[in-house]
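Below is one structure; the comments refer to it alone.
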Amino acid sequence: MDDALSSLLDLQGHDICFLELSNQLKAVPIGVDALLAKMAKIKAVFSEAESLYQLKEVRRREIDLKIASQEELIVRYKTQQISVKKNEEYGALEHQITAVRQEMSGLEEEGIVLLMDLDEARAQLAEAAAQYKDKTAQLNEALGMLKSSESVLKAKVAAAEQVYQAALALLSSDMRERYEWVKKRVARPPFVVPLKDHRCQGCFLKLSQEVEGAVLTVGYAPCDQCGRLIYTAVI
Ligand SMILES: [Zn+2]
């Protein structure tokens, strides 16, 4: 393998390293966003459980207050019954007492169901709160690690770019142009690939005899399918 090709392969190695690190760095904010979205989601689930529990508590207090006021009402009606003189008035008050008692009885039933419901909801809420705390702690830890990896990656990317630029400076202008031309055509590495089984090892298509002949004669030539530079180590 000639020196120019060897330098080109060195450059590609440094370039791949630089590109991989750059991609890892680009992925950091995406990872941060994903973690924040997860945190928001588990917070929403917990808040919903909390709101449902609070609504039940509010209803329970409402029932207690209503029952207490109905008890007072019954006492008042009974007091009035003592002072009324007419049977009709007494009967009307009795009728009202019965209606209030019926309403009270319905509320008491609802209250009993609600109390049992609240016991279960309280246990579920405690479990949800514990899970929320655990998951939030885990996600915060992951977030911290991801954020601290960002500064490490930035330094690595900067160092890898310097190495890449230094390798690029060592390249002949012909090889440099060839490499940059491939990079404009091919989105991802590898950009320089070996010849194997009459195929380009980038797109894996069979080469024309003309291209294969050029590779075997000169040592390298562009793939007529994908544009990657194909080389052979044979010559
Ligand atoms: Zn190809």
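Chain labels run A, B, ... following the order of the structure tokens; each chain numbers its residues from 1, and ligands are numbered from 1 in the order shown.
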Discussion item. Taking only C-alpha atoms and all ligand atoms into account, list the residues no farther than 6 Å from ligand 1, as a VMD selection string.
Written reply: chain A and resid 200 202 to 203 223 225 to 228
Discussion item. Need to verify the contact set: range 50-63 of chain A, 9 Å, only C-alpha atoms, exclusion of same-chain residues closer than 5 positions in sequence. Can you return it as a list in words?
Written reply: Val45, Ala68, Leu107, Glu108, Glu110, Gly111, Leu114, Leu115, Asp117, Leu118, Ala121, Arg122, Leu125, Ala128 and Ala129 of chain A
Within 10 Å of Pro189 in chain A, counting only C-alpha atoms, which residues show up once you throw out same-chain ones fewer than 3 positions away? Write them as a PDB file with N, CA and C atoms, in the first residue's frame, please.
ATOM      1  N   GLN A  12      -9.289   8.604   7.533  1.00  0.00           N
ATOM      2  CA  GLN A  12     -10.649   8.066   7.682  1.00  0.00           C
ATOM      3  C   GLN A  12     -10.882   7.558   9.114  1.00  0.00           C
ATOM      4  N   GLY A  13      -9.885   6.888   9.663  1.00  0.00           N
ATOM      5  CA  GLY A  13     -10.004   6.382  11.043  1.00  0.00           C
ATOM      6  C   GLY A  13     -10.268   7.525  12.012  1.00  0.00           C
ATOM      7  N   ASP A  15     -11.412  10.468  11.219  1.00  0.00           N
ATOM      8  CA  ASP A  15     -12.689  11.102  10.856  1.00  0.00           C
ATOM      9  C   ASP A  15     -13.857  10.326  11.467  1.00  0.00           C
ATOM     10  N   ILE A  16     -13.798   8.994  11.374  1.00  0.00           N
ATOM     11  CA  ILE A  16     -14.871   8.159  11.929  1.00  0.00           C
ATOM     12  C   ILE A  16     -14.974   8.385  13.443  1.00  0.00           C
ATOM     13  N   LEU A  19     -16.567  11.724  13.940  1.00  0.00           N
ATOM     14  CA  LEU A  19     -18.010  11.702  13.614  1.00  0.00           C
ATOM     15  C   LEU A  19     -18.814  10.960  14.680  1.00  0.00           C
ATOM     16  N   GLU A  20     -18.250   9.834  15.155  1.00  0.00           N
ATOM     17  CA  GLU A  20     -18.973   9.066  16.188  1.00  0.00           C
ATOM     18  C   GLU A  20     -19.133   9.884  17.467  1.00  0.00           C
ATOM     19  N   VAL A 182     -15.992  12.233  -1.922  1.00  0.00           N
ATOM     20  CA  VAL A 182     -16.787  11.078  -1.452  1.00  0.00           C
ATOM     21  C   VAL A 182     -17.726  11.520  -0.329  1.00  0.00           C
ATOM     22  N   LYS A 183     -17.194  12.337   0.568  1.00  0.00           N
ATOM     23  CA  LYS A 183     -18.017  12.751   1.722  1.00  0.00           C
ATOM     24  C   LYS A 183     -19.228  13.582   1.305  1.00  0.00           C
ATOM     25  N   VAL A 186     -21.598  10.561  -0.007  1.00  0.00           N
ATOM     26  CA  VAL A 186     -22.007   9.498   0.926  1.00  0.00           C
ATOM     27  C   VAL A 186     -22.256  10.120   2.297  1.00  0.00           C
ATOM     28  N   VAL A 192     -13.884   5.239   2.426  1.00  0.00           N
ATOM     29  CA  VAL A 192     -12.830   4.533   1.688  1.00  0.00           C
ATOM     30  C   VAL A 192     -12.929   3.057   2.083  1.00  0.00           C
ATOM     31  N   VAL A 193     -13.129   2.191   1.095  1.00  0.00           N
ATOM     32  CA  VAL A 193     -13.401   0.777   1.419  1.00  0.00           C
ATOM     33  C   VAL A 193     -12.515  -0.161   0.596  1.00  0.00           C
ATOM     34  N   GLY A 202     -18.612  -0.898   0.459  1.00  0.00           N
ATOM     35  CA  GLY A 202     -19.484   0.145   1.003  1.00  0.00           C
ATOM     36  C   GLY A 202     -20.914  -0.128   0.602  1.00  0.00           C
ATOM     37  N   ARG A 228     -17.844   5.718  -3.330  1.00  0.00           N
ATOM     38  CA  ARG A 228     -16.777   5.520  -2.328  1.00  0.00           C
ATOM     39  C   ARG A 228     -15.468   5.188  -3.029  1.00  0.00           C
TER      40      ARG A 228
END
Item to complete: Write out as a PyMOL selection string all residues of range 7-235 of chain A that backbone DSSP assigns to helix (DSSP H, G or I).
Response: chain A and resi 7-83+87-170+173-185+209-218
Fill in: Which of range 40-195 of chain A fall in strand (DSSP E), as a ChimeraX atom specification
/A:192-195
Fill in: Neighbour list for Tyr220 in chain A as an MDAnalysis selection string, cut-off 8 Å, only C-alpha atoms, skip fewer than 3 positions in-chain
chainID A and resid 214:217 229:232
Practice prompt. Measuring atom to atom with only C-alpha atoms, identify which of A:Ala187, A:Leu93, A:Ile82, A:Ala221 is nearest to Ser208 in chain A.
Written response: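 Selected residue with least distance to Ser208 in chain A: A:Ala221.
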Discussion item. List as a list in words the protein and nucleic acid residues near range 101-106 of chain A, meaning an atom at most 9 Å away when only C-alpha atoms are counted, but skip any in the same chain fewer than 2 places from it.
Written reply: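 The neighbour list is Lys66, Ile67, Gln70, Glu71, Ile74, Gln96, Ile97, Thr98, Ala99, Glu108, Glu109, Glu110 and Gly111 of chain A.
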Worksheet item: What lies within 12 Å of His14 in chain A using only C-alpha atoms, ignoring chain neighbours under 5 positions off, as a PyMOL selection string?
Response: chain A and resi 7-9+19-21+157+159-168+189-190
Kindly export the residues of the current selection with N, CA and C atoms, as a compact mmCIF listing (two decimals), in the first residue's frame.
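Listed below is the output, result_18.txt:
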# COMPACT_ATOMS: atom_id res chain seq x y z
N SER A 7 -2.06 7.15 4.40
CA SER A 7 -2.43 8.40 5.10
C SER A 7 -3.93 8.63 5.00
N LEU A 8 -4.48 8.28 3.84
CA LEU A 8 -5.93 8.46 3.64
C LEU A 8 -6.72 7.57 4.61
N LEU A 9 -6.26 6.32 4.77
CA LEU A 9 -6.96 5.41 5.68
C LEU A 9 -6.81 5.87 7.13
N LEU A 19 -16.57 11.72 13.94
CA LEU A 19 -18.01 11.70 13.61
C LEU A 19 -18.81 10.96 14.68
N GLU A 20 -18.25 9.83 15.16
CA GLU A 20 -18.97 9.07 16.19
C GLU A 20 -19.13 9.88 17.47
N LEU A 21 -18.05 10.55 17.86
CA LEU A 21 -18.11 11.37 19.07
C LEU A 21 -19.08 12.54 18.88
N VAL A 157 -14.61 15.61 21.44
CA VAL A 157 -14.89 16.01 20.06
C VAL A 157 -13.85 17.03 19.60
N ALA A 159 -10.82 17.42 20.72
CA ALA A 159 -9.52 16.74 20.56
C ALA A 159 -9.51 15.91 19.27
N ALA A 160 -10.63 15.19 19.03
CA ALA A 160 -10.71 14.34 17.83
C ALA A 160 -10.67 15.19 16.57
N GLU A 161 -11.25 16.38 16.64
CA GLU A 161 -11.24 17.25 15.46
C GLU A 161 -9.82 17.74 15.17
N GLN A 162 -9.08 18.02 16.22
CA GLN A 162 -7.69 18.46 16.04
C GLN A 162 -6.87 17.36 15.37
N VAL A 163 -7.07 16.11 15.86
CA VAL A 163 -6.34 14.98 15.30
C VAL A 163 -6.71 14.80 13.82
N TYR A 164 -8.02 14.95 13.55
CA TYR A 164 -8.51 14.82 12.17
C TYR A 164 -7.90 15.90 11.27
N GLN A 165 -7.89 17.14 11.78
CA GLN A 165 -7.32 18.25 10.98
C GLN A 165 -5.83 18.04 10.73
N ALA A 166 -5.14 17.51 11.73
CA ALA A 166 -3.70 17.25 11.58
C ALA A 166 -3.48 16.18 10.52
N ALA A 167 -4.32 15.14 10.54
CA ALA A 167 -4.20 14.07 9.54
C ALA A 167 -4.56 14.58 8.15
N LEU A 168 -5.52 15.51 8.12
CA LEU A 168 -5.94 16.08 6.83
C LEU A 168 -4.80 16.91 6.23
N PRO A 189 -19.93 7.19 7.05
CA PRO A 189 -18.75 6.36 6.78
C PRO A 189 -19.12 4.88 6.69
N PRO A 190 -18.30 4.02 6.10
CA PRO A 190 -16.97 4.34 5.58
C PRO A 190 -17.03 5.04 4.23
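The neighbours of Leu35 in chain A here are the residues that come within 9 Å of it, using only C-alpha atoms and leaving out any residue fewer than 4 positions away in the same chain; they are Ile30, Gly31, Met39, Ala40, Leu139, Asn140, Ala142 and Leu143 of chain A.
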Output C-alpha atoms for every residue in the selection just made, as a compact mmCIF listing (two decimals), in the first residue's frame.
# COMPACT_ATOMS: atom_id res chain seq x y z
CA ILE A 30 -32.17 14.44 22.67
CA GLY A 31 -31.52 12.12 25.63
CA MET A 39 -40.23 12.85 34.33
CA ALA A 40 -43.14 15.04 33.25
CA LEU A 139 -34.22 9.81 36.23
CA ASN A 140 -32.44 12.67 37.99
CA ALA A 142 -29.47 9.58 34.67
CA LEU A 143 -29.99 13.24 33.80
Item to complete: Check the smallest atom-to-atom distance from each of A:Asn23, A:Ala155, A:Leu11, A:Leu207 to Arg188 in chain A using only C-alpha atoms, then report the winner.
Response: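 Of all the options, A:Asn23 lies closest to Arg188 in chain A.
Shortest separation to Ser47 in chain A among A:Tyr132, A:Leu65, A:Ser83, A:Phe18 occurs at residue A:Tyr132, atoms counted being only C-alpha atoms.
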Worksheet item: Can you tell me how far CA of Gln201 in chain A sits from CA of Leu25 in chain A, in Å to one decimal?
Response: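 Interatomic distance here is 28.0 Å.
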Worksheet entry | Counting only C-alpha atoms, the option among A:Glu88, A:Glu94, A:Asp3, A:Glu120 closest to Arg76 in chain A |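 Checking each candidate against Arg76 in chain A, we get A:Glu94 as the closest.
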